[in-house]
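Below is the file protein-v3.tsv, which contains TSV, C-alpha atoms.
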```tsv
chain	number	residue	atom	x	y	z
X	1	MET	CA	0.64	-8.75	41.41
X	2	GLU	CA	3.39	-7.28	39.21
X	3	GLU	CA	2.09	-9.20	36.20
X	4	SER	CA	-1.45	-7.93	36.88
X	5	ASN	CA	-0.20	-4.33	37.04
X	6	HIS	CA	1.75	-4.81	33.80
X	7	ASN	CA	-1.34	-6.15	32.00
X	8	SER	CA	-3.42	-3.26	33.33
X	9	GLN	CA	-0.87	-0.69	32.14
X	10	PHE	CA	-0.69	-2.37	28.71
X	11	SER	CA	-4.49	-2.36	28.44
X	12	THR	CA	-4.62	1.33	29.35
X	13	LEU	CA	-1.91	2.15	26.82
X	14	ASN	CA	-3.69	0.16	24.13
X	15	SER	CA	-7.10	1.73	24.83
X	16	GLN	CA	-5.96	5.15	23.62
X	17	PHE	CA	-5.80	3.65	20.12
X	18	ASP	CA	-9.30	2.13	20.15
X	19	GLU	CA	-10.63	4.58	17.56
X	20	ILE	CA	-8.06	3.61	14.92
X	21	ARG	CA	-6.43	0.24	15.72
X	22	PRO	CA	-7.12	-3.20	14.18
X	23	TYR	CA	-9.09	-5.74	16.16
X	24	GLU	CA	-7.28	-7.60	18.90
X	25	ALA	CA	-7.47	-11.35	19.42
X	26	HIS	CA	-10.30	-11.25	21.99
X	27	GLU	CA	-12.46	-9.16	19.62
X	28	MET	CA	-12.20	-11.39	16.56
X	29	ARG	CA	-15.14	-13.73	17.27
X	30	GLN	CA	-17.60	-10.90	17.90
X	31	ALA	CA	-16.38	-9.02	14.80
X	32	PHE	CA	-16.87	-12.13	12.69
X	33	ASP	CA	-20.39	-12.69	14.02
X	34	ASP	CA	-21.24	-9.03	13.36
X	35	LEU	CA	-19.93	-9.43	9.80
X	36	LEU	CA	-22.17	-12.45	9.15
X	37	ASN	CA	-25.19	-10.51	10.46
X	38	ASP	CA	-24.53	-7.46	8.26
X	39	ARG	CA	-27.20	-7.17	5.55
X	40	GLN	CA	-24.92	-5.67	2.92
X	41	PHE	CA	-22.25	-8.32	3.49
X	42	ALA	CA	-24.96	-11.00	3.29
X	43	ALA	CA	-26.12	-9.56	-0.04
X	44	ILE	CA	-22.57	-9.71	-1.42
X	45	MET	CA	-22.13	-13.31	-0.30
X	46	LYS	CA	-25.49	-14.17	-1.87
X	47	GLY	CA	-24.30	-12.66	-5.14
X	48	LEU	CA	-21.21	-14.88	-5.05
X	49	VAL	CA	-23.16	-18.10	-4.42
X	50	PRO	CA	-26.81	-17.33	-5.23
X	51	TRP	CA	-27.80	-21.00	-5.18
X	52	MET	CA	-26.69	-21.50	-1.55
X	53	PRO	CA	-29.14	-20.78	1.31
X	54	LYS	CA	-28.01	-18.13	3.81
X	55	GLY	CA	-27.92	-20.58	6.70
X	56	LEU	CA	-25.64	-22.94	4.79
X	57	ARG	CA	-23.38	-20.05	3.68
X	58	ASN	CA	-22.98	-18.82	7.24
X	59	GLY	CA	-22.48	-22.33	8.53
X	60	ILE	CA	-19.63	-22.94	6.10
X	61	LEU	CA	-18.02	-19.59	6.97
X	62	LYS	CA	-18.31	-20.32	10.71
X	63	LEU	CA	-16.72	-23.72	10.18
X	64	ALA	CA	-13.90	-22.11	8.21
X	65	PHE	CA	-13.44	-19.60	11.05
X	66	THR	CA	-12.81	-22.40	13.57
X	67	GLY	CA	-9.37	-21.98	15.09
X	68	VAL	CA	-9.02	-18.35	13.95
X	69	LYS	CA	-7.98	-16.49	17.09
X	70	THR	CA	-5.93	-13.54	15.85
X	71	PRO	CA	-5.86	-11.16	12.86
X	72	LEU	CA	-2.81	-13.07	11.59
X	73	ASP	CA	-4.81	-16.33	11.76
X	74	PHE	CA	-7.56	-14.59	9.78
X	75	GLN	CA	-5.08	-13.51	7.11
X	76	MET	CA	-3.63	-16.99	6.78
X	77	ARG	CA	-7.03	-18.69	6.67
X	78	PHE	CA	-8.97	-16.32	4.44
X	79	MET	CA	-6.82	-13.62	2.85
X	80	LYS	CA	-3.71	-15.58	1.85
X	81	PRO	CA	-5.68	-17.99	-0.40
X	82	VAL	CA	-7.44	-15.00	-2.00
X	83	ALA	CA	-4.14	-13.21	-2.64
X	84	LYS	CA	-2.60	-16.39	-4.04
X	85	TYR	CA	-5.59	-16.76	-6.37
X	86	ILE	CA	-5.22	-13.16	-7.57
X	87	ILE	CA	-1.53	-13.76	-8.31
X	88	ARG	CA	-2.39	-16.90	-10.33
X	89	LYS	CA	-5.40	-15.44	-12.11
X	90	HIS	CA	-4.55	-11.77	-12.66
X	91	THR	CA	-0.75	-11.56	-12.91
X	92	ASP	CA	2.06	-13.26	-14.80
X	93	GLY	CA	3.86	-13.90	-11.53
X	94	CYS	CA	4.82	-11.93	-8.43
X	95	THR	CA	8.49	-11.88	-7.33
X	96	PHE	CA	10.23	-10.61	-4.20
X	97	ASP	CA	13.76	-9.38	-3.55
X	98	ASP	CA	14.58	-9.00	0.14
X	99	ASN	CA	18.36	-9.39	-0.15
X	100	LYS	CA	18.93	-6.00	1.54
X	101	LEU	CA	17.21	-7.35	4.67
X	102	LYS	CA	19.29	-10.51	4.97
X	103	SER	CA	20.98	-10.85	8.37
X	104	ASN	CA	21.23	-13.32	11.22
X	105	THR	CA	18.28	-11.66	12.92
X	106	GLN	CA	16.26	-11.11	9.76
X	107	TYR	CA	13.15	-12.95	10.80
X	108	GLN	CA	13.05	-11.45	14.30
X	109	GLN	CA	13.31	-7.82	13.19
X	110	ARG	CA	10.26	-5.68	12.51
X	111	TYR	CA	10.12	-3.16	9.69
X	112	THR	CA	8.15	-0.12	8.60
X	113	PHE	CA	7.89	-0.43	4.83
X	114	VAL	CA	7.56	3.01	3.20
X	115	SER	CA	6.38	2.18	-0.29
X	116	ASN	CA	5.27	3.59	-3.57
X	117	HIS	CA	1.57	3.02	-4.09
X	118	ARG	CA	0.11	1.01	-6.95
X	119	ASP	CA	-3.10	-0.51	-5.57
X	120	ILE	CA	-5.38	0.42	-2.67
X	121	VAL	CA	-5.89	-3.19	-1.57
X	122	LEU	CA	-3.17	-5.33	-3.08
X	123	ASP	CA	0.00	-3.38	-2.22
X	124	SER	CA	-0.03	-4.76	1.31
X	125	ALA	CA	-1.96	-7.98	0.60
X	126	LEU	CA	0.65	-9.26	-1.85
X	127	LEU	CA	3.44	-8.15	0.48
X	128	ASP	CA	1.85	-10.25	3.23
X	129	VAL	CA	2.02	-13.36	1.05
X	130	LEU	CA	5.60	-12.65	-0.01
X	131	LEU	CA	6.77	-12.13	3.57
X	132	MET	CA	5.19	-15.35	4.82
X	133	ASP	CA	6.46	-17.37	1.86
X	134	ALA	CA	9.95	-15.97	2.55
X	135	GLY	CA	9.83	-17.16	6.15
X	136	TYR	CA	9.10	-13.97	8.09
X	137	GLU	CA	7.25	-14.36	11.39
X	138	THR	CA	4.38	-12.04	10.61
X	139	THR	CA	2.75	-9.87	7.96
X	140	VAL	CA	2.12	-6.10	7.98
X	141	GLU	CA	-0.37	-3.78	9.58
X	142	ILE	CA	-1.54	-1.12	7.17
X	143	GLY	CA	-3.09	2.32	7.24
X	144	ILE	CA	-6.28	2.69	5.21
X	145	GLY	CA	-8.15	5.95	4.65
X	146	ASP	CA	-11.56	6.22	6.27
X	147	ASN	CA	-12.87	7.54	2.94
X	148	LEU	CA	-12.76	3.93	1.74
X	149	LEU	CA	-14.59	2.54	4.77
X	150	ILE	CA	-17.97	3.54	3.43
X	151	TYR	CA	-19.90	0.56	4.80
X	152	PRO	CA	-19.71	-1.02	8.29
X	153	TRP	CA	-18.86	-4.43	6.80
X	154	ILE	CA	-15.81	-2.99	5.00
X	155	LYS	CA	-14.54	-1.42	8.23
X	156	ARG	CA	-15.01	-4.69	10.13
X	157	LEU	CA	-13.29	-6.70	7.43
X	158	VAL	CA	-10.22	-4.47	7.18
X	159	ARG	CA	-9.85	-4.29	10.98
X	160	MET	CA	-9.89	-8.08	11.07
X	161	ASN	CA	-7.19	-7.91	8.39
X	162	LYS	CA	-4.69	-5.89	10.49
X	163	ALA	CA	-5.65	-2.44	9.19
X	164	PHE	CA	-5.63	0.77	11.22
X	165	THR	CA	-7.65	3.81	10.20
X	166	VAL	CA	-6.22	6.96	8.64
X	167	ARG	CA	-8.68	9.82	9.01
X	168	ARG	CA	-9.20	12.10	6.01
X	169	GLY	CA	-10.84	15.47	5.43
X	170	LEU	CA	-9.97	16.99	8.81
X	171	SER	CA	-9.38	20.55	9.93
X	172	PRO	CA	-5.73	21.50	10.57
X	173	LYS	CA	-6.20	21.12	14.35
X	174	GLU	CA	-7.91	17.74	13.96
X	175	MET	CA	-5.27	16.63	11.47
X	176	LEU	CA	-2.47	17.38	13.96
X	177	ARG	CA	-4.16	15.32	16.67
X	178	SER	CA	-4.92	12.50	14.23
X	179	SER	CA	-1.33	12.44	12.97
X	180	GLN	CA	0.06	12.33	16.51
X	181	LEU	CA	-2.24	9.47	17.46
X	182	MET	CA	-1.45	7.50	14.33
X	183	SER	CA	2.28	7.97	14.82
X	184	GLN	CA	2.05	6.85	18.44
X	185	TYR	CA	0.11	3.80	17.33
X	186	ILE	CA	2.66	2.89	14.64
X	187	HIS	CA	5.49	3.09	17.17
X	188	HIS	CA	3.42	1.02	19.60
X	189	ALA	CA	2.73	-1.58	16.90
X	190	VAL	CA	6.41	-1.93	15.94
X	191	THR	CA	7.99	-1.84	19.40
X	192	GLN	CA	5.30	-3.35	21.66
X	193	LYS	CA	3.10	-5.51	19.45
X	194	ARG	CA	6.10	-6.58	17.36
X	195	GLU	CA	4.29	-5.95	14.07
X	196	ASN	CA	5.55	-4.82	10.69
X	197	ILE	CA	3.95	-1.73	9.15
X	198	TRP	CA	3.23	-0.89	5.51
X	199	ILE	CA	2.54	2.76	4.70
X	200	ALA	CA	2.40	4.59	1.39
X	201	GLN	CA	5.05	7.25	0.77
X	202	ARG	CA	2.31	9.81	0.06
X	203	GLU	CA	-1.39	10.33	0.58
X	204	GLY	CA	-3.12	8.63	-2.36
X	205	ARG	CA	-1.57	7.11	-5.44
X	206	ALA	CA	0.68	9.06	-7.80
X	207	LYS	CA	-1.66	8.96	-10.79
X	208	ASP	CA	1.16	9.57	-13.25
X	209	SER	CA	3.45	7.02	-11.50
X	210	ASP	CA	5.94	9.76	-10.62
X	211	ASP	CA	6.48	8.33	-7.14
X	212	ARG	CA	7.65	10.92	-4.59
X	213	THR	CA	7.76	10.71	-0.81
X	214	GLN	CA	5.92	13.46	1.01
X	215	ASP	CA	7.92	15.07	3.82
X	216	SER	CA	4.67	15.18	5.81
X	217	VAL	CA	4.46	11.38	5.91
X	218	LEU	CA	7.93	11.15	7.45
X	219	LYS	CA	7.20	13.99	9.87
X	220	MET	CA	4.09	12.11	10.98
X	221	LEU	CA	6.13	8.95	11.58
X	222	ALA	CA	8.58	10.94	13.72
X	223	MET	CA	5.90	12.34	16.04
X	224	GLY	CA	5.28	9.27	18.15
X	225	GLY	CA	8.68	7.97	19.18
X	226	PRO	CA	11.16	8.60	21.98
X	227	SER	CA	11.77	12.18	23.05
X	228	ALA	CA	13.88	11.75	26.21
X	229	ASP	CA	17.61	12.33	26.05
X	230	ASP	CA	19.44	9.01	25.94
X	231	GLY	CA	22.96	10.40	25.91
X	232	GLN	CA	23.10	10.87	22.13
X	233	GLU	CA	23.11	14.67	22.28
X	234	ALA	CA	24.07	14.92	18.61
X	235	MET	CA	21.05	12.85	17.58
X	236	PRO	CA	17.80	14.87	17.48
X	237	ALA	CA	14.70	13.21	18.93
X	238	TYR	CA	12.98	13.03	15.54
X	239	VAL	CA	15.92	11.09	14.11
X	240	LYS	CA	15.87	8.62	17.01
X	241	SER	CA	12.11	8.32	16.58
X	242	LEU	CA	12.47	7.33	12.93
X	243	MET	CA	15.28	4.91	13.71
X	244	GLU	CA	12.99	3.14	16.17
X	245	LEU	CA	10.69	2.24	13.27
X	246	ASN	CA	13.41	0.55	11.18
X	247	ILE	CA	12.17	2.07	7.91
X	248	VAL	CA	12.69	0.14	4.67
X	249	PRO	CA	12.03	1.80	1.27
X	250	LEU	CA	9.90	-0.66	-0.73
X	251	THR	CA	9.45	-0.56	-4.51
X	252	ILE	CA	6.38	-2.08	-6.16
X	253	SER	CA	6.56	-2.53	-9.95
X	254	TYR	CA	3.61	-3.48	-12.17
X	255	GLU	CA	4.09	-4.34	-15.81
X	256	PHE	CA	0.52	-3.14	-16.48
X	257	ASP	CA	-1.60	-0.96	-14.22
X	258	PRO	CA	-5.25	-2.14	-14.26
X	259	CYS	CA	-6.41	1.33	-13.18
X	260	ASP	CA	-4.44	3.29	-15.80
X	261	TYR	CA	-7.51	4.15	-17.87
X	262	LEU	CA	-9.45	5.22	-14.76
X	263	LYS	CA	-6.59	7.53	-13.78
X	264	ALA	CA	-6.47	8.98	-17.30
X	265	LYS	CA	-10.22	9.52	-17.19
X	266	GLU	CA	-9.85	11.39	-13.90
X	267	PHE	CA	-7.08	13.55	-15.38
X	268	GLN	CA	-9.42	14.75	-18.15
X	269	LEU	CA	-12.40	15.22	-15.84
X	270	LYS	CA	-10.26	17.40	-13.55
X	271	ARG	CA	-8.80	19.26	-16.52
X	272	ASP	CA	-12.28	20.06	-17.85
X	273	ASN	CA	-13.77	20.75	-14.42
X	274	PRO	CA	-11.23	21.75	-11.72
X	275	ALA	CA	-13.92	21.20	-9.06
X	276	TYR	CA	-14.39	17.53	-10.03
X	277	LYS	CA	-14.04	15.02	-7.19
X	278	LYS	CA	-14.36	11.26	-7.24
X	279	SER	CA	-17.42	9.72	-5.63
X	280	ARG	CA	-17.41	6.89	-3.12
X	281	GLN	CA	-18.58	4.63	-5.92
X	282	ASP	CA	-15.55	5.70	-7.96
X	283	ASP	CA	-13.31	4.59	-5.07
X	284	LEU	CA	-15.04	1.21	-4.98
X	285	ASP	CA	-14.72	0.84	-8.77
X	286	ASN	CA	-11.00	1.57	-8.48
X	287	MET	CA	-10.65	-1.06	-5.75
X	288	LYS	CA	-12.48	-3.68	-7.78
X	289	THR	CA	-10.56	-2.90	-10.99
X	290	GLY	CA	-7.23	-2.94	-9.17
X	291	ILE	CA	-7.92	-6.35	-7.66
X	292	LEU	CA	-9.42	-8.11	-10.68
X	293	GLY	CA	-7.57	-6.36	-13.52
X	294	TYR	CA	-4.60	-7.80	-15.40
X	295	LYS	CA	-1.23	-6.68	-14.05
X	296	GLY	CA	1.31	-8.64	-16.07
X	297	ARG	CA	4.50	-9.20	-14.09
X	298	VAL	CA	4.68	-7.80	-10.55
X	299	HIS	CA	7.83	-7.29	-8.49
X	300	TYR	CA	8.46	-6.19	-4.88
X	301	HIS	CA	11.97	-4.98	-3.99
X	302	CYS	CA	13.22	-4.03	-0.51
X	303	GLY	CA	15.76	-1.22	-0.45
X	304	THR	CA	18.51	-0.60	2.09
X	305	PRO	CA	17.04	0.04	5.58
X	306	VAL	CA	17.40	3.76	6.30
X	307	ASN	CA	19.00	3.05	9.69
X	308	GLN	CA	22.16	2.18	7.78
X	309	TRP	CA	22.56	5.78	6.62
X	310	ILE	CA	20.06	8.09	8.35
X	311	ALA	CA	22.63	9.23	10.96
X	312	GLU	CA	24.53	10.95	8.13
X	313	LEU	CA	21.60	13.36	7.78
X	314	ALA	CA	21.21	14.12	11.50
X	315	PRO	CA	23.35	17.33	11.46
X	316	LEU	CA	21.01	18.98	8.94
X	317	PRO	CA	18.44	21.56	10.10
X	318	LYS	CA	15.09	19.87	10.73
X	319	ASN	CA	13.26	20.83	7.53
X	320	GLU	CA	16.32	20.10	5.41
X	321	PHE	CA	16.66	16.76	7.18
X	322	PHE	CA	13.15	15.65	6.21
X	323	HIS	CA	13.52	16.95	2.68
X	324	GLU	CA	16.79	15.09	2.19
X	325	LEU	CA	15.39	11.95	3.83
X	326	SER	CA	12.48	12.00	1.37
X	327	ARG	CA	14.91	12.44	-1.51
X	328	ARG	CA	17.09	9.54	-0.38
X	329	ILE	CA	14.08	7.26	0.08
X	330	ASP	CA	12.88	8.23	-3.41
X	331	ARG	CA	16.28	7.36	-4.83
X	332	GLU	CA	16.10	3.92	-3.17
X	333	ILE	CA	12.60	3.33	-4.49
X	334	HIS	CA	13.43	4.54	-8.01
X	335	ALA	CA	16.66	2.56	-8.25
X	336	ASN	CA	14.80	-0.66	-7.49
X	337	TYR	CA	12.05	-0.47	-10.11
X	338	ARG	CA	11.71	-3.57	-12.24
X	339	ILE	CA	11.71	-2.14	-15.78
X	340	TYR	CA	9.60	-3.80	-18.49
X	341	PRO	CA	9.49	-3.36	-22.29
X	342	ASP	CA	6.42	-1.11	-22.10
X	343	ASN	CA	8.40	1.38	-19.97
X	344	TYR	CA	11.06	1.71	-22.67
X	345	ILE	CA	8.43	1.93	-25.42
X	346	ALA	CA	6.55	4.66	-23.55
X	347	LEU	CA	9.66	6.79	-23.02
X	348	ASP	CA	10.68	6.46	-26.67
X	349	GLU	CA	7.18	7.44	-27.81
X	350	LEU	CA	7.10	10.55	-25.62
X	351	ASN	CA	10.61	11.53	-26.73
X	352	GLY	CA	9.80	10.81	-30.38
X	353	ASN	CA	12.82	8.58	-30.93
X	354	ARG	CA	14.03	4.97	-30.61
X	355	GLN	CA	16.77	5.50	-28.05
X	356	PHE	CA	15.83	2.35	-26.11
X	357	ALA	CA	14.77	0.18	-29.06
X	358	ASP	CA	17.27	-2.51	-28.07
X	359	HIS	CA	15.16	-3.15	-24.94
X	360	TYR	CA	12.03	-4.21	-26.84
X	361	THR	CA	10.94	-5.98	-30.00
X	362	GLU	CA	8.42	-5.00	-32.65
X	363	ALA	CA	6.11	-7.59	-31.12
X	364	ASP	CA	6.47	-5.85	-27.74
X	365	LYS	CA	5.62	-2.52	-29.35
X	366	GLN	CA	2.58	-3.92	-31.13
X	367	ARG	CA	1.38	-5.49	-27.91
X	368	PHE	CA	1.70	-2.20	-26.06
X	369	ASP	CA	-0.08	-0.28	-28.84
X	370	ASP	CA	-2.93	-2.78	-28.77
X	371	TYR	CA	-3.05	-2.53	-25.00
X	372	LEU	CA	-3.21	1.29	-25.11
X	373	ASN	CA	-6.06	1.23	-27.63
X	374	SER	CA	-8.00	-1.25	-25.50
X	375	ARG	CA	-7.61	1.01	-22.46
X	376	LEU	CA	-8.73	4.10	-24.35
X	377	ASP	CA	-11.81	2.21	-25.55
X	378	LYS	CA	-12.82	1.72	-21.91
X	379	ILE	CA	-13.02	5.45	-21.22
X	380	ASP	CA	-16.55	6.77	-21.70
X	381	ILE	CA	-16.80	10.49	-20.93
X	382	PRO	CA	-18.25	13.52	-22.74
X	383	GLY	CA	-15.76	15.28	-25.00
X	384	LYS	CA	-13.34	12.38	-24.92
X	385	ASP	CA	-9.90	13.81	-25.76
X	386	LEU	CA	-8.02	10.83	-27.21
X	387	PRO	CA	-4.60	12.49	-27.71
X	388	PHE	CA	-4.66	13.83	-24.15
X	389	LEU	CA	-5.81	10.52	-22.66
X	390	ARG	CA	-3.21	8.56	-24.61
X	391	GLU	CA	-0.44	10.90	-23.46
X	392	ARG	CA	-1.59	10.55	-19.85
X	393	ILE	CA	-1.47	6.75	-19.95
X	394	ILE	CA	1.89	6.68	-21.72
X	395	THR	CA	3.28	9.05	-19.07
X	396	MET	CA	2.26	6.55	-16.39
X	397	TYR	CA	4.54	3.99	-18.02
X	398	GLU	CA	7.49	6.24	-18.85
X	399	ASN	CA	7.88	7.91	-15.44
X	400	PRO	CA	9.21	4.82	-13.62
X	401	LEU	CA	11.93	4.42	-16.27
X	402	ARG	CA	12.77	8.14	-16.25
X	403	ASN	CA	13.16	8.06	-12.46
X	404	TYR	CA	15.07	4.78	-12.60
X	405	LEU	CA	17.60	6.22	-15.03
X	406	THR	CA	18.06	9.31	-12.85
X	407	ALA	CA	18.55	7.16	-9.73
X	408	GLN	CA	21.16	5.03	-11.46
```
Structure re-expressed in structure tokens:
Amino acid sequence: MEESNHNSQFSTLNSQFDEIRPYEAHEMRQAFDDLLNDRQFAAIMKGLVPWMPKGLRNGILKLAFTGVKTPLDFQMRFMKPVAKYIIRKHTDGCTFDDNKLKSNTQYQQRYTFVSNHRDIVLDSALLDVLLMDAGYETTVEIGIGDNLLIYPWIKRLVRMNKAFTVRRGLSPKEMLRSSQLMSQYIHHAVTQKRENIWIAQREGRAKDSDDRTQDSVLKMLAMGGPSADDGQEAMPAYVKSLMELNIVPLTISYEFDPCDYLKAKEFQLKRDNPAYKKSRQDDLDNMKTGILGYKGRVHYHCGTPVNQWIAELAPLPKNEFFHELSRRIDREIHANYRIYPDNYIALDELNGNRQFADHYTEADKQRFDDYLNSRLDKIDIPGKDLPFLRERIITMYENPLRNYLTAQ
């Protein structure tokens, strides 16, 4: 009877998250069947293998789905091979430094990775592969904006892939409720479901690669945790709430950003028309380019878990606490960038000197110049402002180094 009551209470607790959570194990089969019956998904699969009849395609997919009972199973069966292929085909290698997480209980702990944002899809997908290859028990659940879930098949696919929904474009009142619910779910996922979380340090990517944590993201994370007094009178509830999540600053470094020219294009379009907004198709184009574009070397670096130092900030007034926490997380992220020759070249070019010339060769510089010209050639807009566009792309490559030097 006690076990039955416990299951009932857990089900009730979990149901409050139905509108945003990933699929659970018992929902996976139905979600997969719905995906196969989706016309748009069928059209995409037909485009991939136009010579294969629909019945045979679906039969092969159903066979491949055999034994997939959980979202983690789905990731290991379908998404891990895709991510591994992307690493082989579209990067010059992807490395991982998790030395700051090493401990006797490393593989049993759960983390909330607060990360700079380089790619809408791959930031978490590559992290999943790196965690599993390093021996961790599970991957990450991720928040994905509902502005990207423009078709039912996309929403089904990401929910099967351990994604929870972040609602965009809300009124202030709706945003407060949405933030509270998402925070409660994240705490539930870490403490009850025993999942890791990946979340970007800000809403959307920093288009100039000047990665800064938004206080609002940390305030959201603090909403859903413990509020009762546990005897630590000197520790505010919002500090205890954040400690419950075991936050780890995560740095993602790309040698080359496949979307750099798209970001530069958007900079000019917004400069020329302040009312310009990307379309849904633009979002899809960014996703496709980010996945299939060349990235060079890629590196993931885990910083020091904030629980090792967050108590030092507890005496600060609340707003100062969150501001200083953001600053400290930024310093961790910036200090752990992997710096490449193009970063040094970009900073020297913007400064008009050769201060860092010992960090690159003439061949490196020629390669970067050729790369820049090839990116500028891809931009097709009226009134194309080449000097402005070039400066925007170069800034994307110099900002990580500038921040790295400051953090050092």
Using only C-alpha atoms, what table do you get, as CSV, when you list each residue of region 317-350 of chain X with an atom no more than 10 Å from region 108-119 of chain X, its nearest pair of atoms, and their distance in Å rounded to one decimal, rows by chain then rising number?
```
residue,atom,partner,partner_atom,distance
X:Ile329,CA,X:Val114,CA,8.4
X:Asp330,CA,X:Asn116,CA,8.9
X:Ile333,CA,X:Asn116,CA,7.4
X:His334,CA,X:Asn116,CA,9.3
```
Neighbours of region 158-165 of chain X within 10 Å (only C-alpha atoms; same-chain residues fewer than 6 positions away dropped), as a ChimeraX atom specification?
-> /X:17-25,27-29,31-32,70-76,78-79,121,124-125,139-149,178,182,185-186,195,197-198
Could you name the residues that touch Ile291 (chain X) at 12 Å or less, counting all atoms listed in the file, but leaving out those on the same chain fewer than 3 positions away, as a list in words?
-> Val82, Ala83, Lys84, Tyr85, Ile86, Ile87, Lys89, His90, Thr91, Arg118, Asp119, Ile120, Val121, Leu122, Asp123, Ala125, Leu126, Asp257, Pro258, Cys259, Leu284, Asp285, Asn286, Met287, Lys288, Tyr294 and Lys295 of chain X
Residues from last step as file, C-alpha atoms, as a CSV table (one decimal), in the frame of the given file:
```csv
chain,number,residue,atom,x,y,z
X,82,VAL,CA,-7.4,-15.0,-2.0
X,83,ALA,CA,-4.1,-13.2,-2.6
X,84,LYS,CA,-2.6,-16.4,-4.0
X,85,TYR,CA,-5.6,-16.8,-6.4
X,86,ILE,CA,-5.2,-13.2,-7.6
X,87,ILE,CA,-1.5,-13.8,-8.3
X,89,LYS,CA,-5.4,-15.4,-12.1
X,90,HIS,CA,-4.6,-11.8,-12.7
X,91,THR,CA,-0.8,-11.6,-12.9
X,118,ARG,CA,0.1,1.0,-7.0
X,119,ASP,CA,-3.1,-0.5,-5.6
X,120,ILE,CA,-5.4,0.4,-2.7
X,121,VAL,CA,-5.9,-3.2,-1.6
X,122,LEU,CA,-3.2,-5.3,-3.1
X,123,ASP,CA,0.0,-3.4,-2.2
X,125,ALA,CA,-2.0,-8.0,0.6
X,126,LEU,CA,0.6,-9.3,-1.8
X,257,ASP,CA,-1.6,-1.0,-14.2
X,258,PRO,CA,-5.2,-2.1,-14.3
X,259,CYS,CA,-6.4,1.3,-13.2
X,284,LEU,CA,-15.0,1.2,-5.0
X,285,ASP,CA,-14.7,0.8,-8.8
X,286,ASN,CA,-11.0,1.6,-8.5
X,287,MET,CA,-10.6,-1.1,-5.8
X,288,LYS,CA,-12.5,-3.7,-7.8
X,294,TYR,CA,-4.6,-7.8,-15.4
X,295,LYS,CA,-1.2,-6.7,-14.0
```
Kindly indicate which residue among X:Lys263, X:Arg168, X:Arg77, X:Arg402 lies nearest to Ala206 (chain X), using all atoms listed in the file for the distances.
->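 Closest to Ala206 (chain X) of all the choices is X:Lys263.
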Report as a tab-separated table the residues of region 245-294 of chain X within 9 Å of region 368-392 of chain X, each with its shortest atom pair and distance in Å (one decimal), using all atoms listed in the file, ordered by chain and increasing residue number.
```
residue	atom	partner	partner_atom	distance
X:Asp260	CA	X:Arg375	CA	7.7
X:Tyr261	CA	X:Arg375	CA	5.6
X:Leu262	CA	X:Ile379	CA	7.4
X:Lys263	CA	X:Arg392	CA	8.4
X:Ala264	CA	X:Leu389	CA	5.6
X:Lys265	CA	X:Ile379	CA	6.4
X:Phe267	CA	X:Arg392	CA	7.7
X:Gln268	CA	X:Leu389	CA	7.2
X:Leu269	CA	X:Ile381	CA	8.2
```
For those residues, write C-alpha atoms to a file as a PDB file, in the frame of the given file.
```pdb
ATOM      1  CA  ASP X 260      -4.440   3.290 -15.800  1.00  0.00           C
ATOM      2  CA  TYR X 261      -7.510   4.150 -17.870  1.00  0.00           C
ATOM      3  CA  LEU X 262      -9.450   5.220 -14.760  1.00  0.00           C
ATOM      4  CA  LYS X 263      -6.590   7.530 -13.780  1.00  0.00           C
ATOM      5  CA  ALA X 264      -6.470   8.980 -17.300  1.00  0.00           C
ATOM      6  CA  LYS X 265     -10.220   9.520 -17.190  1.00  0.00           C
ATOM      7  CA  PHE X 267      -7.080  13.550 -15.380  1.00  0.00           C
ATOM      8  CA  GLN X 268      -9.420  14.750 -18.150  1.00  0.00           C
ATOM      9  CA  LEU X 269     -12.400  15.220 -15.840  1.00  0.00           C
TER      10      LEU X 269
END
```
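Closest approach to Met243 (chain X) among X:Arg367, X:Ile310, X:His301, X:Arg212: X:Ile310, based on all atoms listed in the file.
Here the question is which of X:Asn403, X:Gln184, X:Ser253, X:Ser279 gets nearest to Val298 (chain X) using all atoms listed in the file, and that residue is X:Ser253.
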